[in-house]
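K.L.:
PDB, N, CA and C atoms, pLDDT in the B column, saved as run-v3.pdb, coming up:
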ATOM      1  N   MET A1139      17.862   1.658   4.227  1.00 39.00           N
ATOM      2  CA  MET A1139      16.469   1.474   4.628  1.00 39.00           C
ATOM      3  C   MET A1139      16.439   1.157   6.124  1.00 39.00           C
ATOM      4  N   ASP A1140      15.550   1.791   6.852  1.00 47.00           N
ATOM      5  CA  ASP A1140      15.510   1.545   8.302  1.00 47.00           C
ATOM      6  C   ASP A1140      14.641   0.331   8.633  1.00 47.00           C
ATOM      7  N   THR A1141      14.744  -0.103   9.888  1.00 44.00           N
ATOM      8  CA  THR A1141      14.057  -1.313  10.347  1.00 44.00           C
ATOM      9  C   THR A1141      12.553  -1.217  10.191  1.00 44.00           C
ATOM     10  N   ALA A1142      11.981  -0.076  10.559  1.00 45.00           N
ATOM     11  CA  ALA A1142      10.531   0.071  10.492  1.00 45.00           C
ATOM     12  C   ALA A1142      10.028  -0.068   9.063  1.00 45.00           C
ATOM     13  N   ALA A1143      10.818   0.386   8.083  1.00 48.00           N
ATOM     14  CA  ALA A1143      10.389   0.293   6.690  1.00 48.00           C
ATOM     15  C   ALA A1143      10.368  -1.152   6.210  1.00 48.00           C
ATOM     16  N   ARG A1144      11.271  -1.973   6.684  1.00 64.00           N
ATOM     17  CA  ARG A1144      11.334  -3.372   6.250  1.00 64.00           C
ATOM     18  C   ARG A1144      10.304  -4.242   6.947  1.00 64.00           C
ATOM     19  N   LEU A1145       9.987  -3.949   8.177  1.00 74.00           N
ATOM     20  CA  LEU A1145       9.049  -4.781   8.931  1.00 74.00           C
ATOM     21  C   LEU A1145       7.683  -4.114   8.981  1.00 74.00           C
ATOM     22  N   THR A1146       6.929  -4.355   7.975  1.00 81.00           N
ATOM     23  CA  THR A1146       5.579  -3.801   7.900  1.00 81.00           C
ATOM     24  C   THR A1146       4.652  -4.617   8.787  1.00 81.00           C
ATOM     25  N   PRO A1147       3.492  -4.073   9.107  1.00 80.00           N
ATOM     26  CA  PRO A1147       2.519  -4.859   9.871  1.00 80.00           C
ATOM     27  C   PRO A1147       2.183  -6.188   9.173  1.00 80.00           C
ATOM     28  N   ASP A1148       2.092  -6.175   7.854  1.00 85.00           N
ATOM     29  CA  ASP A1148       1.809  -7.422   7.127  1.00 85.00           C
ATOM     30  C   ASP A1148       2.926  -8.439   7.310  1.00 85.00           C
ATOM     31  N   ALA A1149       4.173  -7.967   7.311  1.00 83.00           N
ATOM     32  CA  ALA A1149       5.300  -8.878   7.513  1.00 83.00           C
ATOM     33  C   ALA A1149       5.273  -9.465   8.923  1.00 83.00           C
ATOM     34  N   LEU A1150       4.922  -8.654   9.899  1.00 84.00           N
ATOM     35  CA  LEU A1150       4.833  -9.146  11.276  1.00 84.00           C
ATOM     36  C   LEU A1150       3.694 -10.157  11.417  1.00 84.00           C
ATOM     37  N   LEU A1151       2.577  -9.890  10.751  1.00 84.00           N
ATOM     38  CA  LEU A1151       1.413 -10.767  10.881  1.00 84.00           C
ATOM     39  C   LEU A1151       1.620 -12.137  10.237  1.00 84.00           C
ATOM     40  N   GLN A1152       2.686 -12.312   9.507  1.00 91.00           N
ATOM     41  CA  GLN A1152       3.015 -13.650   9.007  1.00 91.00           C
ATOM     42  C   GLN A1152       3.288 -14.597  10.170  1.00 91.00           C
ATOM     43  N   HIS A1153       3.573 -14.036  11.325  1.00 94.00           N
ATOM     44  CA  HIS A1153       3.875 -14.829  12.526  1.00 94.00           C
ATOM     45  C   HIS A1153       2.678 -14.893  13.472  1.00 94.00           C
ATOM     46  N   GLU A1154       1.508 -14.512  13.002  1.00 94.00           N
ATOM     47  CA  GLU A1154       0.314 -14.445  13.840  1.00 94.00           C
ATOM     48  C   GLU A1154      -0.016 -15.784  14.496  1.00 94.00           C
ATOM     49  N   GLY A1155      -0.008 -16.854  13.729  1.00 96.00           N
ATOM     50  CA  GLY A1155      -0.318 -18.179  14.276  1.00 96.00           C
ATOM     51  C   GLY A1155       0.661 -18.588  15.358  1.00 96.00           C
ATOM     52  N   PHE A1156       1.938 -18.344  15.120  1.00 97.00           N
ATOM     53  CA  PHE A1156       2.975 -18.668  16.093  1.00 97.00           C
ATOM     54  C   PHE A1156       2.741 -17.930  17.406  1.00 97.00           C
ATOM     55  N   VAL A1157       2.496 -16.618  17.319  1.00 97.00           N
ATOM     56  CA  VAL A1157       2.303 -15.809  18.529  1.00 97.00           C
ATOM     57  C   VAL A1157       1.070 -16.278  19.295  1.00 97.00           C
ATOM     58  N   LEU A1158      -0.016 -16.536  18.587  1.00 96.00           N
ATOM     59  CA  LEU A1158      -1.243 -16.958  19.267  1.00 96.00           C
ATOM     60  C   LEU A1158      -1.085 -18.340  19.900  1.00 96.00           C
ATOM     61  N   ARG A1159      -0.431 -19.267  19.220  1.00 97.00           N
ATOM     62  CA  ARG A1159      -0.193 -20.601  19.808  1.00 97.00           C
ATOM     63  C   ARG A1159       0.663 -20.491  21.069  1.00 97.00           C
ATOM     64  N   LEU A1160       1.702 -19.683  20.994  1.00 97.00           N
ATOM     65  CA  LEU A1160       2.570 -19.498  22.159  1.00 97.00           C
ATOM     66  C   LEU A1160       1.790 -18.860  23.304  1.00 97.00           C
ATOM     67  N   ALA A1161       1.008 -17.850  23.020  1.00 97.00           N
ATOM     68  CA  ALA A1161       0.218 -17.192  24.059  1.00 97.00           C
ATOM     69  C   ALA A1161      -0.760 -18.178  24.700  1.00 97.00           C
ATOM     70  N   ARG A1162      -1.413 -19.002  23.878  1.00 96.00           N
ATOM     71  CA  ARG A1162      -2.339 -20.006  24.427  1.00 96.00           C
ATOM     72  C   ARG A1162      -1.614 -20.973  25.354  1.00 96.00           C
ATOM     73  N   SER A1163      -0.415 -21.385  24.974  1.00 96.00           N
ATOM     74  CA  SER A1163       0.317 -22.347  25.799  1.00 96.00           C
ATOM     75  C   SER A1163       0.783 -21.729  27.113  1.00 96.00           C
ATOM     76  N   LEU A1164       0.928 -20.425  27.133  1.00 96.00           N
ATOM     77  CA  LEU A1164       1.410 -19.757  28.338  1.00 96.00           C
ATOM     78  C   LEU A1164       0.295 -19.378  29.298  1.00 96.00           C
ATOM     79  N   VAL A1165      -0.889 -19.056  28.789  1.00 94.00           N
ATOM     80  CA  VAL A1165      -1.948 -18.571  29.675  1.00 94.00           C
ATOM     81  C   VAL A1165      -3.124 -19.529  29.805  1.00 94.00           C
ATOM     82  N   HIS A1166      -3.277 -20.481  28.917  1.00 87.00           N
ATOM     83  CA  HIS A1166      -4.325 -21.519  28.997  1.00 87.00           C
ATOM     84  C   HIS A1166      -5.743 -20.958  29.020  1.00 87.00           C
ATOM     85  N   ASP A1167      -5.947 -19.815  28.408  1.00 92.00           N
ATOM     86  CA  ASP A1167      -7.281 -19.214  28.320  1.00 92.00           C
ATOM     87  C   ASP A1167      -7.348 -18.459  27.004  1.00 92.00           C
ATOM     88  N   GLU A1168      -8.336 -18.757  26.198  1.00 96.00           N
ATOM     89  CA  GLU A1168      -8.410 -18.191  24.846  1.00 96.00           C
ATOM     90  C   GLU A1168      -8.494 -16.667  24.863  1.00 96.00           C
ATOM     91  N   ALA A1169      -9.351 -16.109  25.687  1.00 96.00           N
ATOM     92  CA  ALA A1169      -9.504 -14.652  25.711  1.00 96.00           C
ATOM     93  C   ALA A1169      -8.222 -13.966  26.171  1.00 96.00           C
ATOM     94  N   THR A1170      -7.607 -14.506  27.199  1.00 95.00           N
ATOM     95  CA  THR A1170      -6.361 -13.928  27.697  1.00 95.00           C
ATOM     96  C   THR A1170      -5.249 -14.097  26.679  1.00 95.00           C
ATOM     97  N   ALA A1171      -5.218 -15.235  25.995  1.00 96.00           N
ATOM     98  CA  ALA A1171      -4.205 -15.468  24.963  1.00 96.00           C
ATOM     99  C   ALA A1171      -4.338 -14.434  23.848  1.00 96.00           C
ATOM    100  N   ARG A1172      -5.563 -14.137  23.463  1.00 97.00           N
ATOM    101  CA  ARG A1172      -5.774 -13.125  22.414  1.00 97.00           C
ATOM    102  C   ARG A1172      -5.351 -11.741  22.900  1.00 97.00           C
ATOM    103  N   ASP A1173      -5.595 -11.445  24.179  1.00 96.00           N
ATOM    104  CA  ASP A1173      -5.148 -10.168  24.744  1.00 96.00           C
ATOM    105  C   ASP A1173      -3.621 -10.079  24.729  1.00 96.00           C
ATOM    106  N   VAL A1174      -2.961 -11.160  25.132  1.00 97.00           N
ATOM    107  CA  VAL A1174      -1.496 -11.190  25.140  1.00 97.00           C
ATOM    108  C   VAL A1174      -0.963 -11.013  23.716  1.00 97.00           C
ATOM    109  N   ALA A1175      -1.582 -11.673  22.757  1.00 97.00           N
ATOM    110  CA  ALA A1175      -1.152 -11.532  21.362  1.00 97.00           C
ATOM    111  C   ALA A1175      -1.326 -10.084  20.892  1.00 97.00           C
ATOM    112  N   GLN A1176      -2.444  -9.457  21.236  1.00 96.00           N
ATOM    113  CA  GLN A1176      -2.664  -8.061  20.852  1.00 96.00           C
ATOM    114  C   GLN A1176      -1.617  -7.143  21.481  1.00 96.00           C
ATOM    115  N   GLU A1177      -1.264  -7.392  22.729  1.00 96.00           N
ATOM    116  CA  GLU A1177      -0.225  -6.600  23.387  1.00 96.00           C
ATOM    117  C   GLU A1177       1.117  -6.790  22.680  1.00 96.00           C
ATOM    118  N   THR A1178       1.365  -8.005  22.220  1.00 96.00           N
ATOM    119  CA  THR A1178       2.597  -8.291  21.484  1.00 96.00           C
ATOM    120  C   THR A1178       2.642  -7.501  20.187  1.00 96.00           C
ATOM    121  N   TRP A1179       1.516  -7.474  19.458  1.00 94.00           N
ATOM    122  CA  TRP A1179       1.483  -6.719  18.193  1.00 94.00           C
ATOM    123  C   TRP A1179       1.666  -5.233  18.436  1.00 94.00           C
ATOM    124  N   LEU A1180       1.073  -4.722  19.484  1.00 94.00           N
ATOM    125  CA  LEU A1180       1.229  -3.309  19.792  1.00 94.00           C
ATOM    126  C   LEU A1180       2.690  -2.984  20.077  1.00 94.00           C
ATOM    127  N   THR A1181       3.342  -3.827  20.863  1.00 95.00           N
ATOM    128  CA  THR A1181       4.758  -3.634  21.158  1.00 95.00           C
ATOM    129  C   THR A1181       5.585  -3.699  19.880  1.00 95.00           C
ATOM    130  N   ALA A1182       5.253  -4.639  19.005  1.00 92.00           N
ATOM    131  CA  ALA A1182       5.995  -4.796  17.747  1.00 92.00           C
ATOM    132  C   ALA A1182       5.853  -3.559  16.863  1.00 92.00           C
ATOM    133  N   LEU A1183       4.692  -2.945  16.874  1.00 89.00           N
ATOM    134  CA  LEU A1183       4.495  -1.742  16.066  1.00 89.00           C
ATOM    135  C   LEU A1183       5.189  -0.525  16.671  1.00 89.00           C
ATOM    136  N   GLU A1184       5.201  -0.463  18.006  1.00 92.00           N
ATOM    137  CA  GLU A1184       5.832   0.672  18.680  1.00 92.00           C
ATOM    138  C   GLU A1184       7.348   0.568  18.696  1.00 92.00           C
ATOM    139  N   HIS A1185       7.875  -0.644  18.822  1.00 91.00           N
ATOM    140  CA  HIS A1185       9.322  -0.882  18.911  1.00 91.00           C
ATOM    141  C   HIS A1185       9.668  -2.076  18.026  1.00 91.00           C
ATOM    142  N   PRO A1186       9.738  -1.893  16.716  1.00 87.00           N
ATOM    143  CA  PRO A1186       9.942  -3.025  15.798  1.00 87.00           C
ATOM    144  C   PRO A1186      11.234  -3.792  16.080  1.00 87.00           C
ATOM    145  N   PRO A1187      11.171  -5.111  15.936  1.00 86.00           N
ATOM    146  CA  PRO A1187      12.371  -5.933  16.131  1.00 86.00           C
ATOM    147  C   PRO A1187      13.323  -5.802  14.947  1.00 86.00           C
ATOM    148  N   GLN A1188      14.549  -6.257  15.137  1.00 82.00           N
ATOM    149  CA  GLN A1188      15.508  -6.304  14.035  1.00 82.00           C
ATOM    150  C   GLN A1188      15.046  -7.345  13.021  1.00 82.00           C
ATOM    151  N   PRO A1189      15.244  -7.124  11.746  1.00 78.00           N
ATOM    152  CA  PRO A1189      14.730  -8.026  10.714  1.00 78.00           C
ATOM    153  C   PRO A1189      15.156  -9.486  10.853  1.00 78.00           C
ATOM    154  N   GLY A1190      16.341  -9.782  11.280  1.00 81.00           N
ATOM    155  CA  GLY A1190      16.805 -11.165  11.316  1.00 81.00           C
ATOM    156  C   GLY A1190      16.301 -11.990  12.478  1.00 81.00           C
ATOM    157  N   ALA A1191      15.802 -11.361  13.500  1.00 85.00           N
ATOM    158  CA  ALA A1191      15.445 -12.078  14.723  1.00 85.00           C
ATOM    159  C   ALA A1191      13.979 -11.885  15.088  1.00 85.00           C
ATOM    160  N   VAL A1192      13.121 -11.779  14.108  1.00 92.00           N
ATOM    161  CA  VAL A1192      11.722 -11.442  14.358  1.00 92.00           C
ATOM    162  C   VAL A1192      11.023 -12.494  15.212  1.00 92.00           C
ATOM    163  N   ARG A1193      11.140 -13.757  14.843  1.00 93.00           N
ATOM    164  CA  ARG A1193      10.412 -14.817  15.556  1.00 93.00           C
ATOM    165  C   ARG A1193      10.871 -14.941  17.008  1.00 93.00           C
ATOM    166  N   ALA A1194      12.167 -14.907  17.235  1.00 94.00           N
ATOM    167  CA  ALA A1194      12.689 -14.988  18.604  1.00 94.00           C
ATOM    168  C   ALA A1194      12.259 -13.764  19.410  1.00 94.00           C
ATOM    169  N   TRP A1195      12.288 -12.612  18.782  1.00 95.00           N
ATOM    170  CA  TRP A1195      11.866 -11.383  19.458  1.00 95.00           C
ATOM    171  C   TRP A1195      10.387 -11.452  19.824  1.00 95.00           C
ATOM    172  N   LEU A1196       9.552 -11.901  18.884  1.00 96.00           N
ATOM    173  CA  LEU A1196       8.119 -12.033  19.164  1.00 96.00           C
ATOM    174  C   LEU A1196       7.870 -13.025  20.300  1.00 96.00           C
ATOM    175  N   ALA A1197       8.632 -14.117  20.336  1.00 97.00           N
ATOM    176  CA  ALA A1197       8.476 -15.106  21.407  1.00 97.00           C
ATOM    177  C   ALA A1197       8.816 -14.490  22.754  1.00 97.00           C
ATOM    178  N   ARG A1198       9.902 -13.743  22.809  1.00 97.00           N
ATOM    179  CA  ARG A1198      10.309 -13.124  24.071  1.00 97.00           C
ATOM    180  C   ARG A1198       9.274 -12.097  24.534  1.00 97.00           C
ATOM    181  N   VAL A1199       8.790 -11.278  23.617  1.00 97.00           N
ATOM    182  CA  VAL A1199       7.798 -10.259  23.971  1.00 97.00           C
ATOM    183  C   VAL A1199       6.490 -10.918  24.417  1.00 97.00           C
ATOM    184  N   THR A1200       6.073 -11.966  23.728  1.00 97.00           N
ATOM    185  CA  THR A1200       4.847 -12.684  24.099  1.00 97.00           C
ATOM    186  C   THR A1200       4.988 -13.275  25.496  1.00 97.00           C
ATOM    187  N   ARG A1201       6.118 -13.913  25.768  1.00 98.00           N
ATOM    188  CA  ARG A1201       6.345 -14.477  27.106  1.00 98.00           C
ATOM    189  C   ARG A1201       6.319 -13.395  28.173  1.00 98.00           C
ATOM    190  N   ASN A1202       6.957 -12.270  27.894  1.00 97.00           N
ATOM    191  CA  ASN A1202       6.974 -11.174  28.871  1.00 97.00           C
ATOM    192  C   ASN A1202       5.571 -10.658  29.158  1.00 97.00           C
ATOM    193  N   HIS A1203       4.769 -10.489  28.119  1.00 97.00           N
ATOM    194  CA  HIS A1203       3.399 -10.015  28.336  1.00 97.00           C
ATOM    195  C   HIS A1203       2.579 -11.041  29.120  1.00 97.00           C
ATOM    196  N   ALA A1204       2.759 -12.314  28.827  1.00 97.00           N
ATOM    197  CA  ALA A1204       2.035 -13.357  29.563  1.00 97.00           C
ATOM    198  C   ALA A1204       2.455 -13.368  31.031  1.00 97.00           C
ATOM    199  N   LEU A1205       3.750 -13.255  31.292  1.00 95.00           N
ATOM    200  CA  LEU A1205       4.232 -13.231  32.677  1.00 95.00           C
ATOM    201  C   LEU A1205       3.729 -11.990  33.413  1.00 95.00           C
ATOM    202  N   ASN A1206       3.746 -10.849  32.757  1.00 94.00           N
ATOM    203  CA  ASN A1206       3.240  -9.622  33.381  1.00 94.00           C
ATOM    204  C   ASN A1206       1.760  -9.756  33.714  1.00 94.00           C
ATOM    205  N   ARG A1207       1.006 -10.352  32.816  1.00 92.00           N
ATOM    206  CA  ARG A1207      -0.429 -10.540  33.059  1.00 92.00           C
ATOM    207  C   ARG A1207      -0.649 -11.483  34.243  1.00 92.00           C
ATOM    208  N   ARG A1208       0.098 -12.586  34.279  1.00 89.00           N
ATOM    209  CA  ARG A1208      -0.019 -13.552  35.372  1.00 89.00           C
ATOM    210  C   ARG A1208       0.350 -12.901  36.705  1.00 89.00           C
ATOM    211  N   ARG A1209       1.419 -12.121  36.692  1.00 89.00           N
ATOM    212  CA  ARG A1209       1.855 -11.414  37.898  1.00 89.00           C
ATOM    213  C   ARG A1209       0.765 -10.450  38.373  1.00 89.00           C
ATOM    214  N   GLY A1210       0.168  -9.723  37.431  1.00 84.00           N
ATOM    215  CA  GLY A1210      -0.906  -8.793  37.774  1.00 84.00           C
ATOM    216  C   GLY A1210      -2.118  -9.500  38.351  1.00 84.00           C
ATOM    217  N   GLU A1211      -2.456 -10.665  37.800  1.00 83.00           N
ATOM    218  CA  GLU A1211      -3.588 -11.437  38.314  1.00 83.00           C
ATOM    219  C   GLU A1211      -3.329 -11.910  39.736  1.00 83.00           C
ATOM    220  N   ARG A1212      -2.100 -12.343  40.012  1.00 85.00           N
ATOM    221  CA  ARG A1212      -1.760 -12.772  41.375  1.00 85.00           C
ATOM    222  C   ARG A1212      -1.873 -11.606  42.351  1.00 85.00           C
ATOM    223  N   ARG A1213      -1.389 -10.442  41.944  1.00 85.00           N
ATOM    224  CA  ARG A1213      -1.471  -9.266  42.812  1.00 85.00           C
ATOM    225  C   ARG A1213      -2.914  -8.874  43.075  1.00 85.00           C
ATOM    226  N   ARG A1214      -3.737  -8.915  42.026  1.00 85.00           N
ATOM    227  CA  ARG A1214      -5.148  -8.570  42.185  1.00 85.00           C
ATOM    228  C   ARG A1214      -5.830  -9.547  43.131  1.00 85.00           C
ATOM    229  N   ALA A1215      -5.557 -10.838  42.975  1.00 82.00           N
ATOM    230  CA  ALA A1215      -6.152 -11.846  43.842  1.00 82.00           C
ATOM    231  C   ALA A1215      -5.731 -11.631  45.297  1.00 82.00           C
ATOM    232  N   ALA A1216      -4.471 -11.281  45.510  1.00 85.00           N
ATOM    233  CA  ALA A1216      -3.982 -11.034  46.872  1.00 85.00           C
ATOM    234  C   ALA A1216      -4.680  -9.812  47.474  1.00 85.00           C
ATOM    235  N   ARG A1217      -4.864  -8.755  46.667  1.00 86.00           N
ATOM    236  CA  ARG A1217      -5.577  -7.563  47.163  1.00 86.00           C
ATOM    237  C   ARG A1217      -7.012  -7.909  47.524  1.00 86.00           C
ATOM    238  N   GLU A1218      -7.675  -8.696  46.676  1.00 83.00           N
ATOM    239  CA  GLU A1218      -9.059  -9.056  46.938  1.00 83.00           C
ATOM    240  C   GLU A1218      -9.187  -9.907  48.194  1.00 83.00           C
ATOM    241  N   GLU A1219      -8.216 -10.765  48.430  1.00 85.00           N
ATOM    242  CA  GLU A1219      -8.244 -11.580  49.644  1.00 85.00           C
ATOM    243  C   GLU A1219      -8.089 -10.729  50.897  1.00 85.00           C
ATOM    244  N   ARG A1220      -7.257  -9.712  50.806  1.00 86.00           N
ATOM    245  CA  ARG A1220      -7.028  -8.854  51.971  1.00 86.00           C
ATOM    246  C   ARG A1220      -8.275  -8.077  52.369  1.00 86.00           C
ATOM    247  N   VAL A1221      -9.116  -7.736  51.415  1.00 83.00           N
ATOM    248  CA  VAL A1221     -10.306  -6.946  51.753  1.00 83.00           C
ATOM    249  C   VAL A1221     -11.467  -7.801  51.994  1.00 83.00           C
TER     250      VAL A1221
END
Represent the structure from my file as structure tokens, please.
P.N.:
Amino acid sequence: MDTAARLTPDALLQHEGFVLRLARSLVHDEATARDVAQETWLTALEHPPQPGAVRAWLARVTRNHALNRRRGERRRAAREERV
């Protein structure tokens, strides 16, 4: 049985609370936290994690999306200041 068959969307969503709490702690804004969580779910569906390391994988992906969003916001703010 392949990885995608074992990790269904329902199985991934068992970690929904964890992902959302982590996203909230990283971005400190409810709307942005929900966006980061949605990006995490999309990544999980496109590139499923290995069955044994789901929670750690979700944490790493959530952190990466939060950092990318923060980096993008800083760049946007710098562009706006320049103009």
K.L.:
Within 7 Å of (-1.8, -14.2, 21.7), only C-alpha atoms: residues as a PyMOL selection string?
P.N.:
chain A and resi 1157-1162+1171-1176
K.L.:
Give the helix (DSSP H, G or I) residues of chain A, as DSSP finds them on the backbone, and put them as an NGL selection string.
P.N.:
:A and (1141-1144 or 1147-1151 or 1154-1165 or 1168-1184 or 1189-1220)
K.L.:
Which distance in Å separates CA of Glu1168 (chain A) and CA of Glu1211 (chain A), to one decimal?
P.N.:
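Computing the Euclidean distance for CA of Glu1168 (chain A) and CA of Glu1211 (chain A) yields 15.8 Å.
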K.L.:
Quick one, how far is atom N of Arg1209 (chain A) from CA of Val1192 (chain A)?
P.N.:
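Separation between atom N of Arg1209 (chain A) and CA of Val1192 (chain A): 24.6 Å.
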K.L.:
Hey, can you check how far atom N of Arg1220 (chain A) sits from atom C of Arg1208 (chain A)?
P.N.:
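Distance between the two atoms: 16.3 Å.
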K.L.:
Using all atoms listed in the file, which of A:His1203, A:Arg1193, A:His1166, A:Arg1212 sits nearest Thr1178 (chain A)?
P.N.:
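Selected residue with least distance to Thr1178 (chain A): A:His1203.
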K.L.:
At a cut-off of 10 Å, using only C-alpha atoms, what residues contact Leu1196 (chain A)? Leave out same-chain residues fewer than 4 positions from it and give the result as a VMD selection string.
P.N.:
chain A and resid 1150 1153 to 1154 1156 to 1157 1160 1175 1178 to 1179 1181 to 1182 1186 to 1187 1191 to 1192 1200 to 1202
K.L.:
Quick one: axis-aligned box around all listed atoms of region 1203-1212 of chain A, 3 Å on every side, centre and edge lengths in Å to one decimal, written as lines of an AutoDock Vina configuration file.
P.N.:
center_x = 0.6
center_y = -11.2
center_z = 35.2
size_x = 14.4
size_y = 10.8
size_z = 20.2
